[in-house]
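Peer 1: target_23.json is reproduced below (JSON, C-alpha atoms).
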[["chain", "number", "residue", "atom", "x", "y", "z"],
["A", 1, "MET", "CA", -14.79, -35.64, -27.09],
["A", 2, "ARG", "CA", -11.31, -34.45, -27.89],
["A", 3, "ARG", "CA", -8.64, -34.32, -25.23],
["A", 4, "TRP", "CA", -7.91, -30.58, -25.72],
["A", 5, "ALA", "CA", -11.54, -29.72, -24.91],
["A", 6, "ILE", "CA", -11.11, -31.29, -21.49],
["A", 7, "PHE", "CA", -7.87, -29.47, -20.64],
["A", 8, "ALA", "CA", -8.64, -26.04, -22.20],
["A", 9, "PRO", "CA", -10.65, -24.75, -19.19],
["A", 10, "LEU", "CA", -7.92, -25.92, -16.81],
["A", 11, "ALA", "CA", -5.25, -24.18, -18.90],
["A", 12, "ALA", "CA", -7.32, -20.97, -18.95],
["A", 13, "LEU", "CA", -7.72, -21.11, -15.17],
["A", 14, "ILE", "CA", -3.97, -21.57, -14.70],
["A", 15, "VAL", "CA", -3.18, -18.60, -16.97],
["A", 16, "LEU", "CA", -5.72, -16.41, -15.17],
["A", 17, "THR", "CA", -4.34, -17.37, -11.75],
["A", 18, "GLY", "CA", -0.80, -16.59, -12.89],
["A", 19, "TYR", "CA", -1.84, -13.19, -14.22],
["A", 20, "LEU", "CA", -3.64, -12.28, -11.00],
["A", 21, "GLY", "CA", -0.64, -13.42, -8.96],
["A", 22, "LEU", "CA", 1.65, -11.15, -10.94],
["A", 23, "ARG", "CA", -0.70, -8.18, -10.53],
["A", 24, "LEU", "CA", -1.03, -8.68, -6.77],
["A", 25, "GLY", "CA", 2.74, -8.89, -6.38],
["A", 26, "GLN", "CA", 3.37, -5.50, -7.97],
["A", 27, "PRO", "CA", 4.51, -2.70, -5.65],
["A", 28, "LEU", "CA", 2.03, 0.09, -5.00],
["A", 29, "GLY", "CA", 2.32, 3.53, -6.54],
["A", 30, "ASP", "CA", 3.43, 6.56, -4.54],
["A", 31, "THR", "CA", -0.10, 7.95, -4.30],
["A", 32, "GLU", "CA", -1.50, 4.68, -2.95],
["A", 33, "ILE", "CA", 1.22, 4.47, -0.30],
["A", 34, "ILE", "CA", 0.60, 8.05, 0.81],
["A", 35, "GLU", "CA", -3.16, 7.37, 0.93],
["A", 36, "ARG", "CA", -2.59, 4.35, 3.20],
["A", 37, "ALA", "CA", -0.44, 6.38, 5.58],
["A", 38, "ALA", "CA", -2.98, 9.24, 5.57],
["A", 39, "ALA", "CA", -5.81, 6.80, 6.33],
["A", 40, "ARG", "CA", -3.82, 5.44, 9.26],
["A", 41, "TYR", "CA", -3.17, 8.99, 10.48],
["A", 42, "LEU", "CA", -6.88, 9.84, 10.27],
["A", 43, "ALA", "CA", -7.76, 6.69, 12.22],
["A", 44, "GLU", "CA", -5.23, 7.46, 14.97],
["A", 45, "VAL", "CA", -5.93, 11.18, 15.39],
["A", 46, "GLY", "CA", -9.62, 11.50, 14.58],
["A", 47, "ASP", "CA", -11.04, 14.99, 15.09],
["A", 48, "GLY", "CA", -9.25, 17.86, 13.38],
["A", 49, "ALA", "CA", -7.19, 15.62, 11.08],
["A", 50, "ALA", "CA", -7.28, 15.89, 7.29],
["A", 51, "ARG", "CA", -5.62, 13.95, 4.49],
["A", 52, "THR", "CA", -4.01, 17.16, 3.34],
["A", 53, "ASP", "CA", -1.97, 17.28, 6.56],
["A", 54, "CYS", "CA", 0.35, 14.61, 5.13],
["A", 55, "ALA", "CA", 3.32, 14.90, 2.78],
["A", 56, "ALA", "CA", 5.93, 12.36, 1.68],
["A", 57, "THR", "CA", 9.59, 12.29, 0.77],
["A", 58, "ALA", "CA", 12.17, 9.64, -0.08],
["A", 59, "HIS", "CA", 13.71, 7.54, 2.68],
["A", 60, "PRO", "CA", 17.15, 5.88, 2.38],
["A", 61, "GLN", "CA", 16.17, 2.52, 3.91],
["A", 62, "ALA", "CA", 12.54, 2.29, 2.74],
["A", 63, "ARG", "CA", 10.31, 3.51, -0.07],
["A", 64, "MET", "CA", 9.29, 6.79, 1.55],
["A", 65, "ILE", "CA", 8.50, 8.56, 4.79],
["A", 66, "VAL", "CA", 5.10, 10.18, 5.21],
["A", 67, "VAL", "CA", 4.93, 13.03, 7.72],
["A", 68, "CYS", "CA", 1.58, 14.39, 8.89],
["A", 69, "HIS", "CA", 1.38, 17.73, 10.73],
["A", 70, "HIS", "CA", -1.77, 18.16, 12.82],
["A", 71, "ALA", "CA", -3.27, 21.63, 13.28],
["A", 72, "ASP", "CA", -2.50, 21.56, 17.03],
["A", 73, "GLY", "CA", 1.25, 21.17, 16.36],
["A", 74, "ARG", "CA", 1.66, 17.41, 16.75],
["A", 75, "THR", "CA", 3.65, 15.54, 14.12],
["A", 76, "PHE", "CA", 3.16, 11.92, 13.06],
["A", 77, "SER", "CA", 5.58, 10.08, 10.77],
["A", 78, "TYR", "CA", 5.32, 6.73, 9.00],
["A", 79, "VAL", "CA", 8.19, 4.96, 7.23],
["A", 80, "MET", "CA", 6.46, 3.05, 4.42],
["A", 81, "GLY", "CA", 7.55, 0.06, 2.32],
["A", 82, "ASP", "CA", 6.86, -0.87, -1.31],
["A", 83, "ARG", "CA", 3.57, -2.60, -0.57],
["A", 84, "GLY", "CA", 2.20, -0.03, 1.87],
["A", 85, "GLU", "CA", 3.46, -1.67, 5.04],
["A", 86, "VAL", "CA", 4.56, 0.56, 7.91],
["A", 87, "PHE", "CA", 8.17, -0.18, 8.92],
["A", 88, "GLU", "CA", 8.40, 2.44, 11.62],
["A", 89, "ARG", "CA", 5.88, 4.77, 13.18],
["A", 90, "SER", "CA", 6.50, 7.73, 15.43],
["A", 91, "GLY", "CA", 4.12, 10.26, 16.85],
["A", 92, "PRO", "CA", 2.71, 12.32, 18.24],
["A", 93, "GLN", "CA", 5.64, 14.66, 18.70],
["A", 94, "ALA", "CA", 5.41, 18.32, 19.56]]
Could I get this structure in the form of structure tokens?
Peer 2:
Amino acid sequence: MRRWAIFAPLAALIVLTGYLGLRLGQPLGDTEIIERAAARYLAEVGDGAARTDCAATAHPQARMIVVCHHADGRTFSYVMGDRGEVFERSGPQA
């Protein structure tokens, strides 16, 4: 058996692992970040909350700030990072 036949599967596995590592390290898109913040908002508020209550805008120290306005007048805000992490959360505020 030739030496390359032994190492070809190992080389393919290394290339695949490198590709997956690069894909996982990519920052999320704006829509995905807003969806994560909206899901957190829905989990915190529960009844009467909808994904459409949330809107996003740029933030000087982070990727964006997502602000969700509940129908009863409360406001929730989430400062989001590149990978969907929440840097700062505030709410509910009247």
Peer 1: Of the candidates A:Pro27, A:Thr57, A:Tyr78, A:Met64, which one gets nearest to Ala39 in chain A if we count all atoms listed in the file?
Peer 2: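 Of all the options, A:Tyr78 lies closest to Ala39 in chain A.
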Peer 1: Box for range 27-44 of chain A - axis-aligned, 6 Å on each of the six sides, all listed atoms - centre and size in Å to one decimal, as lines of an AutoDock Vina configuration file.
Peer 2:
center_x = -1.6
center_y = 3.6
center_z = 4.2
size_x = 24.3
size_y = 24.5
size_z = 33.5
Peer 1: What is the distance, in Å and to one decimal place, between CA of Phe76 in chain A and CA of Pro92 in chain A?
Peer 2: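 Separation between CA of Phe76 in chain A and CA of Pro92 in chain A: 5.2 Å.
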Peer 1: Compare A:Glu88, A:Asp82, A:Asp30, A:Asp47 by their minimum atom-to-atom distance to His70 in chain A, counting only C-alpha atoms, and give me the closest one.
Peer 2: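 Of A:Glu88, A:Asp82, A:Asp30, A:Asp47, the one nearest His70 in chain A, counting only C-alpha atoms, is A:Asp47.
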Peer 1: To one decimal place in Å, what is the distance between CA of Arg89 in chain A and CA of Gly73 in chain A?
Peer 2: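 Computing the Euclidean distance for CA of Arg89 in chain A and CA of Gly73 in chain A yields 17.3 Å.
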Peer 1: Which residues are close to Ala49 in chain A, i.e. within 10 Å by only C-alpha atoms, leaving aside same-chain residues fewer than 3 positions away? Reply as a ChimeraX atom specification.
Peer 2: /A:38,41-46,52-54,68-72
Peer 1: Kindly indicate which residue among A:Ile65, A:Ala50, A:Leu16, A:Ala5 lies nearest to Gly84 in chain A, using only C-alpha atoms for the distances.
Peer 2: A:Ile65
Peer 1: Record the distance separating CA of Val66 in chain A and CA of Met80 in chain A, expressed in Å with one decimal.
Peer 2: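 Result for CA of Val66 in chain A versus CA of Met80 in chain A: 7.3 Å, one decimal.
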Peer 1: Please determine, counting all atoms listed in the file, which residue among A:Pro60, A:Gly25, A:Gly48, A:Gly18 has the shortest atom-to-atom distance to Val79 in chain A.
Peer 2: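 Ranked by minimum distance to Val79 in chain A, first place goes to A:Pro60.
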Peer 1: Please rebuild range 18-29 of chain A with all heavy atoms and return the result as a compact mmCIF listing (two decimals), in the coordinates of the input.
Peer 2:
# COMPACT_ATOMS: atom_id res chain seq x y z
N GLY A 18 -2.14 -17.15 -12.76
CA GLY A 18 -0.80 -16.59 -12.89
C GLY A 18 -0.82 -15.09 -13.12
O GLY A 18 -0.03 -14.35 -12.53
N TYR A 19 -1.72 -14.62 -13.96
CA TYR A 19 -1.84 -13.19 -14.22
C TYR A 19 -2.23 -12.43 -12.95
O TYR A 19 -1.65 -11.40 -12.63
CB TYR A 19 -2.86 -12.93 -15.33
CG TYR A 19 -3.17 -11.47 -15.53
CD1 TYR A 19 -2.26 -10.63 -16.16
CD2 TYR A 19 -4.36 -10.91 -15.05
CE1 TYR A 19 -2.53 -9.28 -16.33
CE2 TYR A 19 -4.63 -9.57 -15.22
CZ TYR A 19 -3.72 -8.77 -15.86
OH TYR A 19 -3.99 -7.43 -16.01
N LEU A 20 -3.22 -12.94 -12.24
CA LEU A 20 -3.64 -12.28 -11.00
C LEU A 20 -2.53 -12.29 -9.95
O LEU A 20 -2.35 -11.32 -9.21
CB LEU A 20 -4.90 -12.95 -10.45
CG LEU A 20 -6.17 -12.75 -11.27
CD1 LEU A 20 -7.32 -13.55 -10.68
CD2 LEU A 20 -6.53 -11.29 -11.38
N GLY A 21 -1.77 -13.36 -9.89
CA GLY A 21 -0.64 -13.42 -8.96
C GLY A 21 0.42 -12.38 -9.27
O GLY A 21 0.97 -11.75 -8.37
N LEU A 22 0.69 -12.17 -10.55
CA LEU A 22 1.65 -11.15 -10.94
C LEU A 22 1.15 -9.75 -10.60
O LEU A 22 1.90 -8.91 -10.13
CB LEU A 22 1.96 -11.24 -12.43
CG LEU A 22 2.85 -12.39 -12.86
CD1 LEU A 22 2.94 -12.44 -14.38
CD2 LEU A 22 4.23 -12.24 -12.26
N ARG A 23 -0.13 -9.50 -10.83
CA ARG A 23 -0.70 -8.18 -10.53
C ARG A 23 -0.70 -7.88 -9.03
O ARG A 23 -0.43 -6.77 -8.62
CB ARG A 23 -2.14 -8.08 -11.06
CG ARG A 23 -2.25 -8.03 -12.55
CD ARG A 23 -1.73 -6.77 -13.15
NE ARG A 23 -2.50 -5.64 -12.65
CZ ARG A 23 -2.04 -4.41 -12.55
NH1 ARG A 23 -0.82 -4.15 -12.93
NH2 ARG A 23 -2.79 -3.45 -12.08
N LEU A 24 -1.00 -8.89 -8.22
CA LEU A 24 -1.03 -8.68 -6.77
C LEU A 24 0.37 -8.49 -6.20
O LEU A 24 0.53 -7.87 -5.16
CB LEU A 24 -1.73 -9.85 -6.08
CG LEU A 24 -3.23 -9.94 -6.30
CD1 LEU A 24 -3.78 -11.21 -5.68
CD2 LEU A 24 -3.93 -8.73 -5.72
N GLY A 25 1.37 -9.01 -6.86
CA GLY A 25 2.74 -8.89 -6.38
C GLY A 25 3.42 -7.59 -6.75
O GLY A 25 4.54 -7.33 -6.30
N GLN A 26 2.77 -6.75 -7.54
CA GLN A 26 3.37 -5.50 -7.97
C GLN A 26 3.41 -4.50 -6.80
O GLN A 26 2.48 -4.44 -6.01
CB GLN A 26 2.55 -4.88 -9.11
CG GLN A 26 2.55 -5.71 -10.36
CD GLN A 26 3.91 -5.78 -11.00
OE1 GLN A 26 4.65 -4.81 -11.02
NE2 GLN A 26 4.26 -6.94 -11.51
N PRO A 27 4.47 -3.73 -6.69
CA PRO A 27 4.51 -2.70 -5.65
C PRO A 27 3.47 -1.61 -5.93
O PRO A 27 3.09 -1.37 -7.07
CB PRO A 27 5.93 -2.14 -5.73
CG PRO A 27 6.50 -2.63 -7.00
CD PRO A 27 5.69 -3.80 -7.46
N LEU A 28 3.03 -0.97 -4.87
CA LEU A 28 2.03 0.09 -5.00
C LEU A 28 2.68 1.36 -5.54
O LEU A 28 3.88 1.57 -5.41
CB LEU A 28 1.42 0.39 -3.63
CG LEU A 28 0.66 -0.74 -2.96
CD1 LEU A 28 0.22 -0.32 -1.57
CD2 LEU A 28 -0.53 -1.15 -3.79
N GLY A 29 1.86 2.23 -6.08
CA GLY A 29 2.32 3.53 -6.54
C GLY A 29 2.49 4.48 -5.36
O GLY A 29 2.00 4.24 -4.25
